[in-house]
$ cat query-v3.cif   # mmCIF, C-alpha atoms
data_query
#
loop_
_atom_site.label_atom_id
_atom_site.label_comp_id
_atom_site.auth_asym_id
_atom_site.auth_seq_id
_atom_site.Cartn_x
_atom_site.Cartn_y
_atom_site.Cartn_z
CA MET A 37 -182.32 202.26 70.87
CA GLN A 38 -181.46 205.14 73.11
CA GLU A 39 -178.25 206.86 72.15
CA TYR A 40 -175.53 206.21 74.66
CA ASN A 41 -173.06 209.00 75.14
CA CYS A 42 -169.82 207.21 75.77
CA ASP A 43 -166.21 207.34 74.73
CA ILE A 44 -164.59 204.18 73.48
CA TYR A 45 -161.35 204.02 71.60
CA ASN A 46 -160.26 200.77 70.01
CA ASN A 47 -156.83 202.04 69.21
CA ILE A 48 -155.18 203.58 72.20
CA ASN A 49 -152.43 204.99 70.02
CA ILE A 50 -154.82 207.82 69.26
CA MET A 51 -155.16 208.58 72.95
CA SER A 52 -152.12 210.78 73.32
CA ALA A 53 -154.03 213.92 74.28
CA ASN A 54 -154.17 214.75 77.97
CA PRO A 55 -156.08 215.02 80.12
CA ILE A 56 -158.28 212.03 79.36
CA LEU A 57 -160.46 212.48 82.42
CA ASP A 58 -162.51 215.51 83.37
CA PRO A 59 -164.69 216.38 86.38
CA ASN A 60 -167.71 214.72 84.75
CA THR A 61 -166.07 211.32 84.48
CA PHE A 62 -165.64 208.60 87.09
CA GLY A 63 -162.54 206.96 85.74
CA MET A 64 -160.90 205.20 82.85
CA GLU A 65 -160.74 201.53 81.97
CA VAL A 66 -158.18 200.02 79.65
CA ILE A 67 -158.97 196.58 78.25
CA LEU A 68 -156.01 194.67 76.84
CA ASP A 69 -156.22 191.35 75.04
CA LEU A 70 -152.73 190.02 74.43
CA TYR A 71 -152.11 187.11 72.06
CA ASP A 72 -149.24 184.66 71.58
CA CYS A 73 -147.73 185.44 74.95
CA ASN A 74 -144.76 183.74 76.55
CA LEU A 75 -146.33 180.56 77.91
CA GLU A 76 -143.92 180.26 80.82
CA THR A 77 -144.73 183.78 81.95
CA ILE A 78 -148.51 183.35 81.97
CA ARG A 79 -148.13 180.00 83.78
CA SER A 80 -146.03 181.51 86.56
CA LYS A 81 -147.80 182.87 89.63
CA GLU A 82 -144.63 184.71 90.64
CA LYS A 83 -144.30 186.37 87.23
CA LEU A 84 -147.94 187.47 87.25
CA GLN A 85 -147.53 189.00 90.68
CA GLU A 86 -144.38 190.70 89.42
CA TYR A 87 -146.41 192.04 86.48
CA THR A 88 -148.98 193.80 88.66
CA ARG A 89 -146.25 195.23 90.90
CA GLU A 90 -144.27 196.60 87.97
CA LEU A 91 -147.36 197.81 86.10
CA CYS A 92 -148.36 199.86 89.14
CA GLN A 93 -144.94 201.51 89.11
CA VAL A 94 -145.05 202.15 85.36
CA ILE A 95 -148.47 203.82 85.36
CA GLY A 96 -148.11 205.51 88.74
CA MET A 97 -150.61 203.52 90.79
CA THR A 98 -150.38 202.53 94.46
CA PRO A 99 -151.15 198.86 95.17
CA TYR A 100 -153.50 198.11 98.04
CA GLY A 101 -152.38 194.87 99.64
CA ALA A 102 -150.87 191.91 97.85
CA PRO A 103 -152.17 190.63 94.53
CA PHE A 104 -154.50 187.63 94.66
CA ALA A 105 -153.53 185.01 92.07
CA GLU A 106 -154.95 181.54 91.60
CA ARG A 107 -155.17 178.98 88.82
CA PHE A 108 -158.80 178.49 87.79
CA GLY A 109 -161.06 177.31 84.98
CA LEU A 110 -159.68 173.80 84.87
CA ASN A 111 -162.89 172.25 83.52
CA GLU A 112 -162.16 173.51 80.02
CA ALA A 113 -158.76 173.60 78.35
CA LYS A 114 -159.39 177.02 76.86
CA THR A 115 -160.21 178.57 80.23
CA ALA A 116 -157.51 176.91 82.32
CA GLY A 117 -155.04 179.37 83.71
CA TYR A 118 -154.35 181.95 86.35
CA SER A 119 -156.56 184.85 87.35
CA ILE A 120 -155.09 187.76 89.26
CA VAL A 121 -156.61 190.70 91.10
CA GLN A 122 -154.61 193.64 92.40
CA LEU A 123 -156.60 196.26 94.23
CA ILE A 124 -155.10 199.71 93.83
CA GLU A 125 -155.90 202.82 95.82
CA THR A 126 -157.79 204.18 92.84
CA SER A 127 -159.60 200.95 91.83
CA SER A 128 -158.15 197.73 90.41
CA ILE A 129 -156.15 195.65 87.96
CA THR A 130 -157.44 192.25 86.90
CA GLY A 131 -156.02 189.63 84.60
CA HIS A 132 -157.17 186.30 83.21
CA PHE A 133 -154.75 184.03 81.40
CA SER A 134 -155.53 181.22 78.96
CA GLU A 135 -152.85 178.59 78.73
CA GLU A 136 -154.64 176.94 75.80
CA TRP A 137 -154.47 180.12 73.69
CA ASN A 138 -151.29 181.65 75.18
CA SER A 139 -153.33 184.77 75.76
CA ALA A 140 -153.90 187.36 78.48
CA TYR A 141 -156.99 189.47 79.22
CA ILE A 142 -156.16 192.50 81.31
CA ASN A 143 -158.43 195.23 82.76
CA ILE A 144 -156.99 198.36 84.35
CA PHE A 145 -159.62 200.56 85.97
CA SER A 146 -158.67 203.74 87.77
CA CYS A 147 -160.31 207.00 88.74
CA LYS A 148 -156.80 208.46 88.64
CA GLU A 149 -155.61 209.16 85.13
CA PHE A 150 -152.82 207.11 83.60
CA ASP A 151 -151.25 206.68 80.19
CA PRO A 152 -153.07 203.83 78.40
CA LYS A 153 -150.41 203.55 75.73
CA GLN A 154 -147.73 203.10 78.39
CA ALA A 155 -149.83 200.40 80.04
CA ALA A 156 -150.31 198.58 76.73
CA GLU A 157 -146.69 198.78 75.71
CA PHE A 158 -145.44 197.59 79.09
CA SER A 159 -147.91 194.69 79.09
CA LYS A 160 -147.00 193.65 75.54
CA GLU A 161 -143.32 193.65 76.41
CA PHE A 162 -143.77 191.87 79.75
CA PHE A 163 -145.78 189.01 78.26
CA GLU A 164 -143.81 189.03 74.99
CA ALA A 165 -147.11 189.18 73.14
CA ASP A 166 -147.10 189.19 69.35
CA ARG A 167 -150.36 191.14 69.15
CA VAL A 168 -152.48 193.36 71.39
CA GLU A 169 -156.14 194.35 71.07
CA SER A 170 -156.74 197.43 73.19
CA THR A 171 -159.78 199.43 74.21
CA LEU A 172 -160.01 202.53 76.33
CA HIS A 173 -163.36 203.26 77.92
CA ILE A 174 -164.14 206.42 79.84
CA ARG A 175 -166.54 205.69 82.70
CA LYS A 176 -169.26 208.27 83.06
CA MET B 1473 -181.50 199.11 80.37
CA THR B 1474 -179.63 200.22 77.27
CA PHE B 1475 -177.18 197.94 75.49
CA VAL B 1476 -174.55 199.00 72.98
CA SER B 1477 -172.32 196.43 71.27
CA MET B 1478 -168.68 196.79 70.37
CA GLN B 1479 -167.60 194.25 67.78
CA PRO B 1480 -164.10 192.81 67.95
CA SER B 1481 -161.65 193.25 65.12
CA LYS B 1482 -161.33 190.41 62.64
CA ALA B 1483 -158.08 189.40 64.28
CA ALA B 1484 -159.92 188.78 67.51
CA MET B 1485 -162.77 186.76 66.02
CA MET B 1486 -161.99 183.58 67.85
CA PRO B 1487 -164.07 181.74 70.43
CA GLY B 1488 -163.99 184.10 73.30
CA GLY B 1489 -165.58 186.04 76.04
CA THR B 1490 -168.13 188.73 76.70
CA HIS B 1491 -167.29 191.80 78.72
CA LEU B 1492 -170.21 193.96 79.83
CA ILE B 1493 -169.38 197.45 81.01
CA ALA B 1494 -172.28 198.92 82.96
CA GLU B 1495 -172.82 202.44 84.28
CA LEU B 1496 -175.45 202.44 87.04
CA ALA B 1497 -176.83 205.84 88.04
CA GLY B 1498 -179.43 206.88 90.59
CA CYS B 1499 -178.58 203.98 92.88
CA ASN B 1500 -179.42 203.58 96.56
CA GLN B 1501 -176.61 205.46 98.30
CA GLU B 1502 -176.73 203.39 101.47
CA VAL B 1503 -176.37 200.15 99.57
CA LEU B 1504 -173.48 201.62 97.57
CA ASN B 1505 -171.58 202.20 100.79
CA ASN B 1506 -172.40 198.85 102.40
CA GLU B 1507 -169.52 196.46 101.77
CA GLU B 1508 -171.35 193.37 102.99
CA LEU B 1509 -174.45 194.04 100.88
CA LEU B 1510 -172.28 194.54 97.82
CA ARG B 1511 -170.42 191.28 98.44
CA GLU B 1512 -173.75 189.50 98.80
CA GLY B 1513 -175.01 191.24 95.66
CA LEU B 1514 -172.07 189.90 93.71
CA ARG B 1515 -172.72 186.36 94.89
CA GLU B 1516 -176.38 186.63 93.92
CA ALA B 1517 -175.51 188.09 90.54
CA ALA B 1518 -173.11 185.27 89.80
CA GLN B 1519 -175.66 182.68 90.86
CA THR B 1520 -178.37 184.31 88.74
CA ALA B 1521 -176.09 184.24 85.72
CA GLY B 1522 -175.16 180.61 86.22
CA ALA B 1523 -171.57 181.31 87.21
CA THR B 1524 -169.39 179.67 89.84
CA VAL B 1525 -167.96 181.97 92.51
CA LEU B 1526 -164.42 181.10 93.51
CA SER B 1527 -163.74 183.98 95.85
CA VAL B 1528 -164.98 187.47 96.76
CA HIS B 1529 -162.69 190.38 97.57
CA SER B 1530 -163.57 193.89 98.68
CA HIS B 1531 -162.28 197.10 100.16
CA LYS B 1532 -164.17 199.99 101.74
CA PHE B 1533 -162.67 203.38 101.13
CA THR B 1534 -162.59 206.37 103.49
CA PRO B 1535 -164.76 208.38 103.72
CA VAL B 1536 -167.07 206.50 101.31
CA GLY B 1537 -166.98 204.07 98.41
CA VAL B 1538 -166.43 200.36 97.97
CA THR B 1539 -164.59 198.17 95.48
CA ALA B 1540 -165.80 194.57 95.39
CA PHE B 1541 -164.81 191.63 93.19
CA ALA B 1542 -166.20 188.20 92.59
CA LEU B 1543 -163.67 185.96 90.92
CA LEU B 1544 -165.53 183.35 88.91
CA ALA B 1545 -164.58 180.12 87.26
CA GLU B 1546 -165.77 182.04 84.17
CA SER B 1547 -163.71 185.25 84.89
CA HIS B 1548 -165.06 188.03 87.16
CA ILE B 1549 -167.69 190.57 88.18
CA SER B 1550 -166.61 193.83 89.79
CA ILE B 1551 -168.25 196.87 91.35
CA HIS B 1552 -166.72 200.26 92.09
CA THR B 1553 -169.09 202.62 93.90
CA TRP B 1554 -169.41 206.37 94.39
CA PRO B 1555 -172.15 206.53 97.09
CA GLU B 1556 -172.09 210.31 97.29
CA LEU B 1557 -173.11 210.45 93.62
CA GLY B 1558 -175.36 207.41 93.53
CA TYR B 1559 -173.15 205.83 90.88
CA ALA B 1560 -171.60 202.40 90.39
CA ALA B 1561 -169.25 201.16 87.69
CA VAL B 1562 -169.90 197.46 87.13
CA ASP B 1563 -167.96 195.04 84.94
CA ALA B 1564 -168.90 191.46 84.15
CA PHE B 1565 -166.38 189.53 82.09
CA THR B 1566 -167.05 185.90 81.23
CA CYS B 1567 -165.47 183.36 78.96
CA GLY B 1568 -167.27 180.51 77.31
CA GLN B 1569 -170.95 180.33 76.48
CA SER B 1570 -172.38 178.84 79.64
CA MET B 1571 -173.01 182.04 81.57
CA ARG B 1572 -175.79 184.60 80.96
CA THR B 1573 -173.63 187.64 81.59
CA GLU B 1574 -176.46 190.15 81.10
CA LEU B 1575 -178.37 188.54 83.96
CA ALA B 1576 -175.49 189.36 86.29
CA ILE B 1577 -175.75 193.04 85.38
CA GLU B 1578 -179.53 193.00 85.80
CA SER B 1579 -179.15 191.39 89.20
CA VAL B 1580 -176.63 193.99 90.39
CA ALA B 1581 -178.78 196.82 89.00
CA HIS B 1582 -181.74 195.47 90.94
CA ALA B 1583 -179.71 195.09 94.14
CA LEU B 1584 -178.48 198.67 93.89
CA ASP B 1585 -181.91 199.99 92.91
CA SER B 1586 -180.38 201.63 89.84
CA LYS B 1587 -182.66 204.16 88.12
CA ASN B 1588 -180.59 204.36 84.95
CA THR B 1589 -178.46 201.47 83.73
CA LYS B 1590 -176.42 201.67 80.55
CA VAL B 1591 -174.45 198.71 79.26
CA ILE B 1592 -171.77 198.35 76.63
CA THR B 1593 -170.85 194.90 75.32
CA VAL B 1594 -167.25 194.30 74.37
CA LYS B 1595 -166.48 191.00 72.65
CA ARG B 1596 -163.08 189.71 73.61
CA GLY B 1597 -161.21 187.13 71.57
CA PHE B 1598 -159.63 183.99 72.87
#

$ encode --input "query-v3.cif" --output "structure tokens"
Amino acid sequence: MQEYNCDIYNNINIMSANPILDPNTFGMEVILDLYDCNLETIRSKEKLQEYTRELCQVIGMTPYGAPFAERFGLNEAKTAGYSIVQLIETSSITGHFSEEWNSAYINIFSCKEFDPKQAAEFSKEFFEADRVESTLHIRK
Amino acid sequence: MTFVSMQPSKAAMMPGGTHLIAELAGCNQEVLNNEELLREGLREAAQTAGATVLSVHSHKFTPVGVTAFALLAESHISIHTWPELGYAAVDAFTCGQSMRTELAIESVAHALDSKNTKVITVKRGF
């Protein structure tokens, strides 16, 4: 297999050094899987829209338009729940929420640098998650 | 096309989803800047992979570049393009086992005429 030169960090706590991005990179993507979330929060369209608004403020992103949120995946219990998309001026924030598993699956992709640890900590607190699996991927 | 797998931690080893992160280089620059073609490309990719498209969203940046999303019953496919550099960042995230996620990436790579496609697989726990 061809070697793939990429940067992936499964523990964003190690990503305290700045800058993360350099002129040879296209952006950064933080993947957050949050478990044992507050069920009322992930079932609330208003709370999810509030999440993207506040996350943008916390990590210094500018929303483009209103977030799109709809409840999907109703054919299977484990996939039933809201999905949300917030375009930002420097790319996007997406979230998928499983009501069966009380879990949230967040992607934050931006060509403007942000603090992944701050994003993870804010998300964990907002959803009252007991556990977070986080990955930072540098796009290049 | 090169694939690299990232295994989830033991804590995340539950029935879950597959997230493919694809870097597409050497793409057709005109296609990368064509919002309508990209939206159509997302629909075709979802269909090829056996997914159900719920809605498509997009935005064309000034002077160049497009962000396009297909929200699926099985999660989403997204494209962010840099036409001036012939590059696209593509993500395909699906839950469940019914969708052939890699076919979505192959379809997008074909639509963009990508000369060099690299894919990382991230397993996500449910």

$ resolve_selection --input "query-v3.cif" --expression "the PyMOL selection byres ((chain A) within 8 of (chain B))" --output "list in words"
Met37, Gln38, Tyr40, Asp69, Phe108, Gly109, Thr115, Ser119, Ser127, His132, Ser134, Trp137, Ser139, Glu169, Arg175 and Lys176 of chain A

$ write_last_selection --input "query-v3.cif" --atoms "C-alpha atoms" --output "tab-separated table (two decimals), keeping the file's coordinate frame"
chain	number	residue	atom	x	y	z
A	37	MET	CA	-182.32	202.26	70.87
A	38	GLN	CA	-181.46	205.14	73.11
A	40	TYR	CA	-175.53	206.21	74.66
A	69	ASP	CA	-156.22	191.35	75.04
A	108	PHE	CA	-158.80	178.49	87.79
A	109	GLY	CA	-161.06	177.31	84.98
A	115	THR	CA	-160.21	178.57	80.23
A	119	SER	CA	-156.56	184.85	87.35
A	127	SER	CA	-159.60	200.95	91.83
A	132	HIS	CA	-157.17	186.30	83.21
A	134	SER	CA	-155.53	181.22	78.96
A	137	TRP	CA	-154.47	180.12	73.69
A	139	SER	CA	-153.33	184.77	75.76
A	169	GLU	CA	-156.14	194.35	71.07
A	175	ARG	CA	-166.54	205.69	82.70
A	176	LYS	CA	-169.26	208.27	83.06

$ atom_distance --input "query-v3.cif" --atom1 "atom CA of Gln85 of chain A" --atom2 "atom CA of Ala113 of chain A"
22.7 Å

$ residues_around --input "query-v3.cif" --residues "Glu135 of chain A" --least-positions-apart "6" --cutoff "9 Å" --atoms "all atoms listed in the file" --output "count of residues only"
9

$ atom_distance --input "query-v3.cif" --atom1 "atom CA of Val1536 of chain B" --atom2 "atom CA of Ala105 of chain A"
27.0 Å

$ closest_residue --input "query-v3.cif" --among "A:Glu125, A:Lys153, A:Asn143, A:Ser159" --to "Ala1564 of chain B" --atoms "all atoms listed in the file"
A:Asn143

$ resolve_selection --input "query-v3.cif" --expression "the PyMOL selection byres ((chain A and resi 95-101) around 6)" --output "ChimeraX atom specification"
/A:92-94,102,123-125,150

$ residues_around --input "query-v3.cif" --residues "segment 56-65 of chain A" --least-positions-apart "5" --cutoff "7 Å" --atoms "only C-alpha atoms" --output "list in words"
Asn143, Ile144, Phe145, Ser146, Cys147, Lys148, Glu149, Leu172, His173, Ile174, Arg175 and Lys176 of chain A

$ atom_distance --input "query-v3.cif" --atom1 "atom CA of Ser1579 of chain B" --atom2 "atom CA of Gly1513 of chain B"
7.7 Å

$ residues_near_point --input "query-v3.cif" --point "(-153.2, 189.5, 72.4)" --cutoff "9 Å" --atoms "all atoms listed in the file" --output "list of chain:residue names"
A:Leu68, A:Asp69, A:Leu70, A:Tyr71, A:Asp72, A:Cys73, A:Asn138, A:Ser139, A:Ala140, A:Tyr141, A:Lys160, A:Ala165, A:Asp166, A:Arg167, A:Val168, A:Glu169, A:Ser170, B:Ala1484, B:Gly1597, B:Phe1598

$ closest_residue --input "query-v3.cif" --among "B:Gly1498, B:Leu1510, B:Ala1542, B:Gln1569" --to "Val1525 of chain B" --atoms "all atoms listed in the file"
B:Ala1542

$ build_atoms --input "query-v3.cif" --residues "segment 157-175 of chain A" --atoms "N, CA and C atoms" --output "mmCIF file, in the coordinates of the input"
data_model
loop_
_atom_site.group_PDB
_atom_site.id
_atom_site.type_symbol
_atom_site.label_atom_id
_atom_site.label_comp_id
_atom_site.auth_asym_id
_atom_site.auth_seq_id
_atom_site.Cartn_x
_atom_site.Cartn_y
_atom_site.Cartn_z
ATOM 1 N N GLU A 157 -148.043 199.112 76.155
ATOM 2 C CA GLU A 157 -146.690 198.780 75.710
ATOM 3 C C GLU A 157 -145.936 197.968 76.768
ATOM 4 N N PHE A 158 -146.101 198.360 78.027
ATOM 5 C CA PHE A 158 -145.440 197.590 79.090
ATOM 6 C C PHE A 158 -145.977 196.161 79.127
ATOM 7 N N SER A 159 -147.298 196.020 79.012
ATOM 8 C CA SER A 159 -147.910 194.690 79.090
ATOM 9 C C SER A 159 -147.464 193.821 77.910
ATOM 10 N N LYS A 160 -147.430 194.398 76.729
ATOM 11 C CA LYS A 160 -147.000 193.650 75.540
ATOM 12 C C LYS A 160 -145.575 193.147 75.707
ATOM 13 N N GLU A 161 -144.722 194.019 76.226
ATOM 14 C CA GLU A 161 -143.320 193.650 76.410
ATOM 15 C C GLU A 161 -143.176 192.610 77.519
ATOM 16 N N PHE A 162 -143.908 192.791 78.613
ATOM 17 C CA PHE A 162 -143.770 191.870 79.750
ATOM 18 C C PHE A 162 -144.176 190.453 79.353
ATOM 19 N N PHE A 163 -145.280 190.347 78.625
ATOM 20 C CA PHE A 163 -145.780 189.010 78.260
ATOM 21 C C PHE A 163 -145.225 188.523 76.919
ATOM 22 N N GLU A 164 -144.399 189.360 76.291
ATOM 23 C CA GLU A 164 -143.810 189.030 74.990
ATOM 24 C C GLU A 164 -144.897 188.663 73.986
ATOM 25 N N ALA A 165 -145.967 189.455 74.021
ATOM 26 C CA ALA A 165 -147.110 189.180 73.140
ATOM 27 C C ALA A 165 -146.797 189.609 71.703
ATOM 28 N N ASP A 166 -147.270 188.818 70.749
ATOM 29 C CA ASP A 166 -147.100 189.190 69.350
ATOM 30 C C ASP A 166 -148.116 190.243 68.929
ATOM 31 N N ARG A 167 -149.266 190.262 69.597
ATOM 32 C CA ARG A 167 -150.360 191.140 69.150
ATOM 33 C C ARG A 167 -151.182 191.579 70.353
ATOM 34 N N VAL A 168 -151.664 192.825 70.301
ATOM 35 C CA VAL A 168 -152.480 193.360 71.390
ATOM 36 C C VAL A 168 -153.731 194.003 70.814
ATOM 37 N N GLU A 169 -154.890 193.645 71.364
ATOM 38 C CA GLU A 169 -156.140 194.350 71.070
ATOM 39 C C GLU A 169 -156.423 195.227 72.283
ATOM 40 N N SER A 170 -156.594 196.527 72.048
ATOM 41 C CA SER A 170 -156.740 197.430 73.190
ATOM 42 C C SER A 170 -157.972 198.313 73.045
ATOM 43 N N THR A 171 -158.602 198.563 74.168
ATOM 44 C CA THR A 171 -159.780 199.430 74.210
ATOM 45 C C THR A 171 -159.672 200.334 75.423
ATOM 46 N N LEU A 172 -159.941 201.596 75.208
ATOM 47 C CA LEU A 172 -160.010 202.530 76.330
ATOM 48 C C LEU A 172 -161.449 202.982 76.474
ATOM 49 N N HIS A 173 -161.978 202.859 77.671
ATOM 50 C CA HIS A 173 -163.360 203.260 77.920
ATOM 51 C C HIS A 173 -163.372 204.268 79.062
ATOM 52 N N ILE A 174 -164.006 205.402 78.809
ATOM 53 C CA ILE A 174 -164.140 206.420 79.840
ATOM 54 C C ILE A 174 -165.429 206.166 80.590
ATOM 55 N N ARG A 175 -165.351 205.990 81.895
ATOM 56 C CA ARG A 175 -166.540 205.690 82.700
ATOM 57 C C ARG A 175 -167.231 206.985 83.088
#
